[in-house]
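Printed here is my_file28.txt (compact mmCIF, C-alpha atoms and all ligand atoms):
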# COMPACT_ATOMS: atom_id res chain seq x y z
CA MET B 1 36.25 8.72 11.72
CA ASP B 2 37.99 5.42 10.87
CA GLN B 3 38.80 4.14 7.41
CA GLU B 4 36.05 1.50 7.48
CA MET B 5 33.39 4.14 8.14
CA ILE B 6 34.70 6.35 5.36
CA GLU B 7 34.67 3.39 2.97
CA PHE B 8 31.02 2.57 3.84
CA GLN B 9 29.96 6.09 3.01
CA LYS B 10 31.06 5.83 -0.62
CA PRO B 11 27.91 6.67 -2.60
CA GLU B 12 28.36 3.76 -5.02
CA GLU B 13 28.51 1.29 -2.09
CA ASN B 14 25.40 2.79 -0.53
CA GLN B 15 23.72 2.39 -3.90
CA GLU B 16 24.76 -1.25 -3.95
CA VAL B 17 23.27 -1.89 -0.47
CA LEU B 18 20.07 -0.16 -1.54
CA ARG B 19 19.87 -2.18 -4.76
CA THR B 20 20.41 -5.49 -2.97
CA HIS B 21 17.76 -4.66 -0.38
CA LEU B 22 15.36 -3.61 -3.10
CA GLU B 23 15.93 -6.83 -5.07
CA GLU B 24 15.37 -8.99 -1.98
CA LEU B 25 12.23 -7.09 -1.01
CA GLY B 26 10.85 -7.14 -4.56
CA ASN B 27 11.53 -10.84 -5.08
CA HIS B 28 9.93 -11.74 -1.77
CA LEU B 29 6.90 -9.64 -2.68
CA SER B 30 6.70 -11.18 -6.13
CA GLU B 31 6.75 -14.72 -4.64
CA LYS B 32 3.94 -13.84 -2.22
CA ILE B 33 1.82 -12.30 -4.97
CA GLY B 34 2.30 -15.39 -7.15
CA LYS B 35 1.30 -17.66 -4.26
CA ILE B 36 -1.84 -15.68 -3.37
CA PHE B 37 -3.14 -14.67 -6.81
CA GLY B 38 -1.32 -16.79 -9.37
CA ARG B 39 -1.14 -13.52 -11.34
CA SER B 40 0.06 -9.93 -10.89
CA LEU B 41 -1.09 -7.45 -8.24
CA HIS B 42 -3.14 -4.40 -9.22
CA ILE B 43 -3.14 -1.16 -7.28
CA ARG B 44 -5.40 1.87 -7.48
CA GLU B 45 -3.86 4.97 -5.96
CA VAL B 46 -6.29 7.45 -4.40
CA ASP B 47 -5.28 10.96 -3.36
CA SER B 48 -7.84 12.01 -0.79
CA GLY B 49 -6.28 15.42 -0.18
CA SER B 50 -2.49 15.09 0.05
CA CYS B 51 0.13 17.81 -0.57
CA ASN B 52 1.38 15.62 -3.47
CA ALA B 53 4.73 14.64 -1.96
CA CYS B 54 3.43 11.16 -1.09
CA GLU B 55 2.43 10.84 -4.77
CA TRP B 56 6.00 11.66 -5.84
CA GLU B 57 7.30 8.75 -3.78
CA ILE B 58 4.61 6.41 -5.14
CA THR B 59 5.40 7.58 -8.69
CA ALA B 60 9.10 6.84 -8.03
CA LEU B 61 8.18 3.16 -7.72
CA SER B 62 7.55 3.10 -11.48
CA ASN B 63 10.83 4.78 -12.46
CA PRO B 64 13.80 2.78 -13.86
CA VAL B 65 15.46 2.57 -10.40
CA TYR B 66 12.59 0.76 -8.67
CA ASP B 67 10.83 -0.56 -11.78
CA LEU B 68 7.97 -2.06 -9.80
CA GLU B 69 6.38 -3.78 -12.80
CA ARG B 70 9.23 -6.30 -12.98
CA PHE B 71 7.91 -7.71 -9.68
CA GLY B 72 4.41 -8.11 -11.10
CA ILE B 73 2.86 -5.00 -9.53
CA TYR B 74 0.84 -2.62 -11.66
CA PHE B 75 -1.03 0.62 -11.08
CA VAL B 76 -4.48 0.62 -12.65
CA ALA B 77 -6.92 3.40 -13.48
CA SER B 78 -10.11 1.64 -12.44
CA PRO B 79 -10.87 0.48 -8.89
CA ARG B 80 -12.82 -2.38 -10.48
CA HIS B 81 -9.48 -3.84 -11.61
CA ALA B 82 -7.73 -3.27 -8.28
CA ASP B 83 -6.79 -5.61 -5.44
CA VAL B 84 -5.37 -2.86 -3.24
CA LEU B 85 -6.15 0.80 -2.63
CA LEU B 86 -3.19 3.01 -1.74
CA VAL B 87 -4.65 6.11 -0.10
CA THR B 88 -2.68 9.30 0.56
CA GLY B 89 -3.49 12.50 2.41
CA PRO B 90 -5.99 13.31 5.12
CA VAL B 91 -9.55 12.73 3.91
CA SER B 92 -10.66 16.13 2.73
CA ARG B 93 -14.38 16.80 2.87
CA ASN B 94 -14.34 17.50 -0.88
CA LEU B 95 -12.94 14.07 -1.71
CA TYR B 96 -14.81 12.00 0.86
CA THR B 97 -17.52 10.84 -1.58
CA ALA B 98 -14.98 10.03 -4.30
CA LEU B 99 -12.96 7.93 -1.84
CA LEU B 100 -16.05 6.08 -0.65
CA LYS B 101 -17.20 5.36 -4.21
CA THR B 102 -13.72 4.11 -5.14
CA TYR B 103 -13.73 1.79 -2.13
CA GLU B 104 -17.19 0.45 -2.94
CA ALA B 105 -16.16 -0.18 -6.58
CA THR B 106 -13.13 -2.28 -5.56
CA PRO B 107 -13.89 -6.02 -5.54
CA GLU B 108 -13.47 -8.18 -2.41
CA PRO B 109 -11.19 -9.24 -0.86
CA LYS B 110 -9.73 -5.75 -0.99
CA LEU B 111 -7.09 -4.08 1.09
CA VAL B 112 -6.69 -0.45 2.07
CA ILE B 113 -3.20 0.90 2.71
CA ALA B 114 -2.80 4.35 4.27
CA VAL B 115 0.37 5.95 2.87
CA GLY B 116 2.00 8.81 4.78
CA ALA B 117 1.41 10.50 8.12
CA CYS B 118 -1.66 12.37 6.85
CA ALA B 119 -3.40 9.19 5.68
CA CYS B 120 -2.36 7.34 8.87
CA SER B 121 -3.56 9.89 11.39
CA GLY B 122 -4.57 13.14 9.71
CA GLY B 123 -0.97 14.38 10.06
CA LEU B 124 -0.58 18.11 10.44
CA PHE B 125 -4.08 18.69 9.02
CA GLN B 126 -5.96 16.60 11.60
CA LYS B 127 -9.72 17.17 11.75
CA GLY B 128 -10.93 20.59 10.70
CA TYR B 129 -13.32 22.51 8.54
CA ALA B 130 -11.82 20.97 5.37
CA SER B 131 -10.52 17.64 6.64
CA LEU B 132 -12.05 14.57 8.30
CA GLY B 133 -8.66 13.31 9.57
CA GLY B 134 -6.94 9.99 8.80
CA VAL B 135 -8.30 7.42 6.36
CA ASP B 136 -9.43 5.10 9.17
CA LYS B 137 -12.01 7.71 10.14
CA VAL B 138 -13.97 6.70 7.05
CA LEU B 139 -12.64 3.32 5.82
CA PRO B 140 -11.23 0.15 7.40
CA VAL B 141 -7.45 0.43 6.99
CA ASP B 142 -5.39 -2.78 6.81
CA VAL B 143 -1.84 -1.40 6.71
CA TYR B 144 -0.36 1.94 7.80
CA ILE B 145 2.84 3.25 6.20
CA PRO B 146 4.11 6.23 8.22
CA GLY B 147 6.49 8.92 6.97
CA CYS B 148 6.18 12.40 5.56
CA PRO B 149 6.48 11.25 2.88
CA PRO B 150 7.47 7.58 3.21
CA ARG B 151 10.36 6.39 1.03
CA PRO B 152 9.59 4.01 -1.87
CA GLN B 153 11.25 1.13 0.06
CA ALA B 154 8.87 1.73 2.97
CA ILE B 155 5.93 1.56 0.56
CA LEU B 156 7.26 -1.77 -0.78
CA GLN B 157 7.65 -3.06 2.77
CA GLY B 158 4.05 -2.02 3.45
CA LEU B 159 2.88 -3.92 0.37
CA LEU B 160 4.63 -7.01 1.68
CA LEU B 161 2.80 -6.66 4.99
CA ALA B 162 -0.44 -6.16 3.08
CA MET B 163 0.07 -9.48 1.28
CA ASP B 164 0.25 -11.25 4.66
CA LYS B 165 -3.00 -9.55 5.67
CA LEU B 166 -4.63 -10.52 2.40
CA GLU B 167 -3.59 -14.13 2.88
CA GLN B 168 -5.25 -14.08 6.32
CA LYS B 169 -8.41 -12.48 4.89
CA ILE B 170 -8.69 -15.09 2.13
CA ARG B 171 -8.08 -17.95 4.58
CA LYS B 172 -10.74 -16.57 6.93
CA ARG B 173 -13.23 -16.16 4.08
CA ASN B 174 -12.60 -19.68 2.77
CA PHE B 175 -13.09 -21.02 6.29
CA SER B 176 -16.45 -19.26 6.71
CA ASP B 177 -17.57 -20.43 3.22
CA LEU B 178 -16.70 -23.96 4.26
CA HIS B 179 -18.50 -23.55 7.54
CA GLU B 180 -21.62 -22.15 5.83
CA GLY B 181 -21.53 -25.09 3.40
CA ASP B 182 -21.45 -27.49 6.35
CA THR B 183 -24.45 -25.84 7.92
CA CYS B 184 -26.47 -26.10 4.69
CA HIS B 185 -26.01 -29.83 4.54
CA ARG B 186 -27.04 -30.42 8.12
CA PRO B 187 -30.49 -31.99 8.53
S1 LIG B 201 2.30 12.77 4.80
FE1 LIG B 201 3.60 14.56 4.37
S2 LIG B 201 4.11 14.32 2.23
FE2 LIG B 201 2.35 12.99 2.58
S3 LIG B 201 0.54 14.24 2.11
FE3 LIG B 201 0.96 14.50 4.29
S4 LIG B 201 2.23 16.36 4.40
FE4 LIG B 201 2.30 15.64 2.29
Would you encode the structure as structure tokens?
Amino acid sequence: MDQEMIEFQKPEENQEVLRTHLEELGNHLSEKIGKIFGRSLHIREVDSGSCNACEWEITALSNPVYDLERFGIYFVASPRHADVLLVTGPVSRNLYTALLKTYEATPEPKLVIAVGACACSGGLFQKGYASLGGVDKVLPVDVYIPGCPPRPQAILQGLLLAMDKLEQKIRKRNFSDLHEGDTCHRP
């Protein structure tokens, strides 16, 4: 192994690369959120039957290393205050109704993000006596974040992708409102 390679593997330098990437990602996300909402972004996390490891990674986003709130992103307790639902785990039959009610209580335009292999496809649980499979078996999913569990950076990257989707949704909705308005005024 050459000297350059050994140098790159110094933990403090890896930390520096990670921090720079995180800052860039967070600032980009923060700009997008400001442009779309003119305020902060609110997320409701829903565990529909995960093993809890995906939750650990989501929780890490609020620790002092990632400190998500400095980018204007907050976790909220009520779906009525949420713009985005982060769903983990395969949809267990026990939590199906709770997930559906949470989705229905979230105001439009809402986004659903499936976090982790189980939420994306049912993962190792798949469809069975206790599980309905991935989240898209019961809800429309806008963004998939794979991984078992995904790292916090991957979740941030997924949020960035979700903001692009949301922008498209809002543009589409505004266009149809405009179109409907046109139709009303036609003789
Ligand atoms: S994706 Fe992996 S970590 Fe996440 S709930 Fe499924 S088994 Fe657990």
Residues within 10 Å of ligand LIG 201 (chain B), counting all atoms listed in the file, as number ranges by chain: B: 47-57, 87-90, 114-125, 145-150
Go ahead and dump the residues you just picked, C-alpha atoms, as a short mmCIF file (atom, residue, chain, number, x, y, z; two decimals), in the frame of the given file.
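Full text of part01.cif as output:
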data_model
loop_
_atom_site.label_atom_id
_atom_site.label_comp_id
_atom_site.auth_asym_id
_atom_site.auth_seq_id
_atom_site.Cartn_x
_atom_site.Cartn_y
_atom_site.Cartn_z
CA ASP B 47 -5.28 10.96 -3.36
CA SER B 48 -7.84 12.01 -0.79
CA GLY B 49 -6.28 15.42 -0.18
CA SER B 50 -2.49 15.09 0.05
CA CYS B 51 0.13 17.81 -0.57
CA ASN B 52 1.38 15.62 -3.47
CA ALA B 53 4.73 14.64 -1.96
CA CYS B 54 3.43 11.16 -1.09
CA GLU B 55 2.43 10.84 -4.77
CA TRP B 56 6.00 11.66 -5.84
CA GLU B 57 7.30 8.75 -3.78
CA VAL B 87 -4.65 6.11 -0.10
CA THR B 88 -2.68 9.30 0.56
CA GLY B 89 -3.49 12.50 2.41
CA PRO B 90 -5.99 13.31 5.12
CA ALA B 114 -2.80 4.35 4.27
CA VAL B 115 0.37 5.95 2.87
CA GLY B 116 2.00 8.81 4.78
CA ALA B 117 1.41 10.50 8.12
CA CYS B 118 -1.66 12.37 6.85
CA ALA B 119 -3.40 9.19 5.68
CA CYS B 120 -2.36 7.34 8.87
CA SER B 121 -3.56 9.89 11.39
CA GLY B 122 -4.57 13.14 9.71
CA GLY B 123 -0.97 14.38 10.06
CA LEU B 124 -0.58 18.11 10.44
CA PHE B 125 -4.08 18.69 9.02
CA ILE B 145 2.84 3.25 6.20
CA PRO B 146 4.11 6.23 8.22
CA GLY B 147 6.49 8.92 6.97
CA CYS B 148 6.18 12.40 5.56
CA PRO B 149 6.48 11.25 2.88
CA PRO B 150 7.47 7.58 3.21
#
B:Ala77, B:Val17, B:Leu68, B:Val84 ranked by distance to Leu166 of chain B, top pick (using all atoms listed in the file): B:Val84
Top pick for closest residue to Ser78 of chain B, considering B:Gln153, B:Ser62, B:Thr106, B:Ser92 and counting all atoms listed in the file: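 Checking each of B:Gln153, B:Ser62, B:Thr106, B:Ser92 against Ser78 of chain B, counting all atoms listed in the file, the winner is B:Thr106.
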Selected residue of minimal separation from Gly72 of chain B among B:Leu85, B:Val141, B:Ile43, B:Val135, counting only C-alpha atoms: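 The shortest atom-to-atom distance to Gly72 of chain B comes from B:Ile43.
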Is it possible to get the residues within 12 Å of (-16.5, 3.5, -3.1) (coordinates as in the file, counting all atoms listed in the file) written as an mmCIF file with C-alpha atoms, in the coordinates of the input?
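And here's part-v8.cif as it stands now:
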data_model
loop_
_atom_site.group_PDB
_atom_site.id
_atom_site.type_symbol
_atom_site.label_atom_id
_atom_site.label_comp_id
_atom_site.auth_asym_id
_atom_site.auth_seq_id
_atom_site.Cartn_x
_atom_site.Cartn_y
_atom_site.Cartn_z
ATOM 1 C CA VAL B 46 -6.290 7.450 -4.400
ATOM 2 C CA SER B 78 -10.110 1.640 -12.440
ATOM 3 C CA PRO B 79 -10.870 0.480 -8.890
ATOM 4 C CA ARG B 80 -12.820 -2.380 -10.480
ATOM 5 C CA LEU B 85 -6.150 0.800 -2.630
ATOM 6 C CA LEU B 95 -12.940 14.070 -1.710
ATOM 7 C CA TYR B 96 -14.810 12.000 0.860
ATOM 8 C CA THR B 97 -17.520 10.840 -1.580
ATOM 9 C CA ALA B 98 -14.980 10.030 -4.300
ATOM 10 C CA LEU B 99 -12.960 7.930 -1.840
ATOM 11 C CA LEU B 100 -16.050 6.080 -0.650
ATOM 12 C CA LYS B 101 -17.200 5.360 -4.210
ATOM 13 C CA THR B 102 -13.720 4.110 -5.140
ATOM 14 C CA TYR B 103 -13.730 1.790 -2.130
ATOM 15 C CA GLU B 104 -17.190 0.450 -2.940
ATOM 16 C CA ALA B 105 -16.160 -0.180 -6.580
ATOM 17 C CA THR B 106 -13.130 -2.280 -5.560
ATOM 18 C CA PRO B 107 -13.890 -6.020 -5.540
ATOM 19 C CA LYS B 110 -9.730 -5.750 -0.990
ATOM 20 C CA VAL B 112 -6.690 -0.450 2.070
ATOM 21 C CA VAL B 138 -13.970 6.700 7.050
ATOM 22 C CA LEU B 139 -12.640 3.320 5.820
#
Nearby residues (all atoms listed in the file) at most 12 Å from His28 of chain B, same-chain spacing under 3 positions excluded, as a PyMOL selection string: chain B and resi 21-25+31-35+71-72+156-157+159-161+163-164
Between atom CA of Gly26 of chain B and atom CA of Phe75 of chain B, distance in Å (one decimal): 15.6 Å
Let me have the centre and edge lengths of the axis-aligned box enclosing all listed atoms of segment 48-64 of chain B with 3 Å padding on every side, in Å to one decimal, as lines of an AutoDock Vina configuration file.
center_x = 3.0
center_y = 10.3
center_z = -6.9
size_x = 27.6
size_y = 21.0
size_z = 19.9
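Here atom CA of Arg171 of chain B stands at a distance of 25.6 Å from atom CA of Glu45 of chain B.
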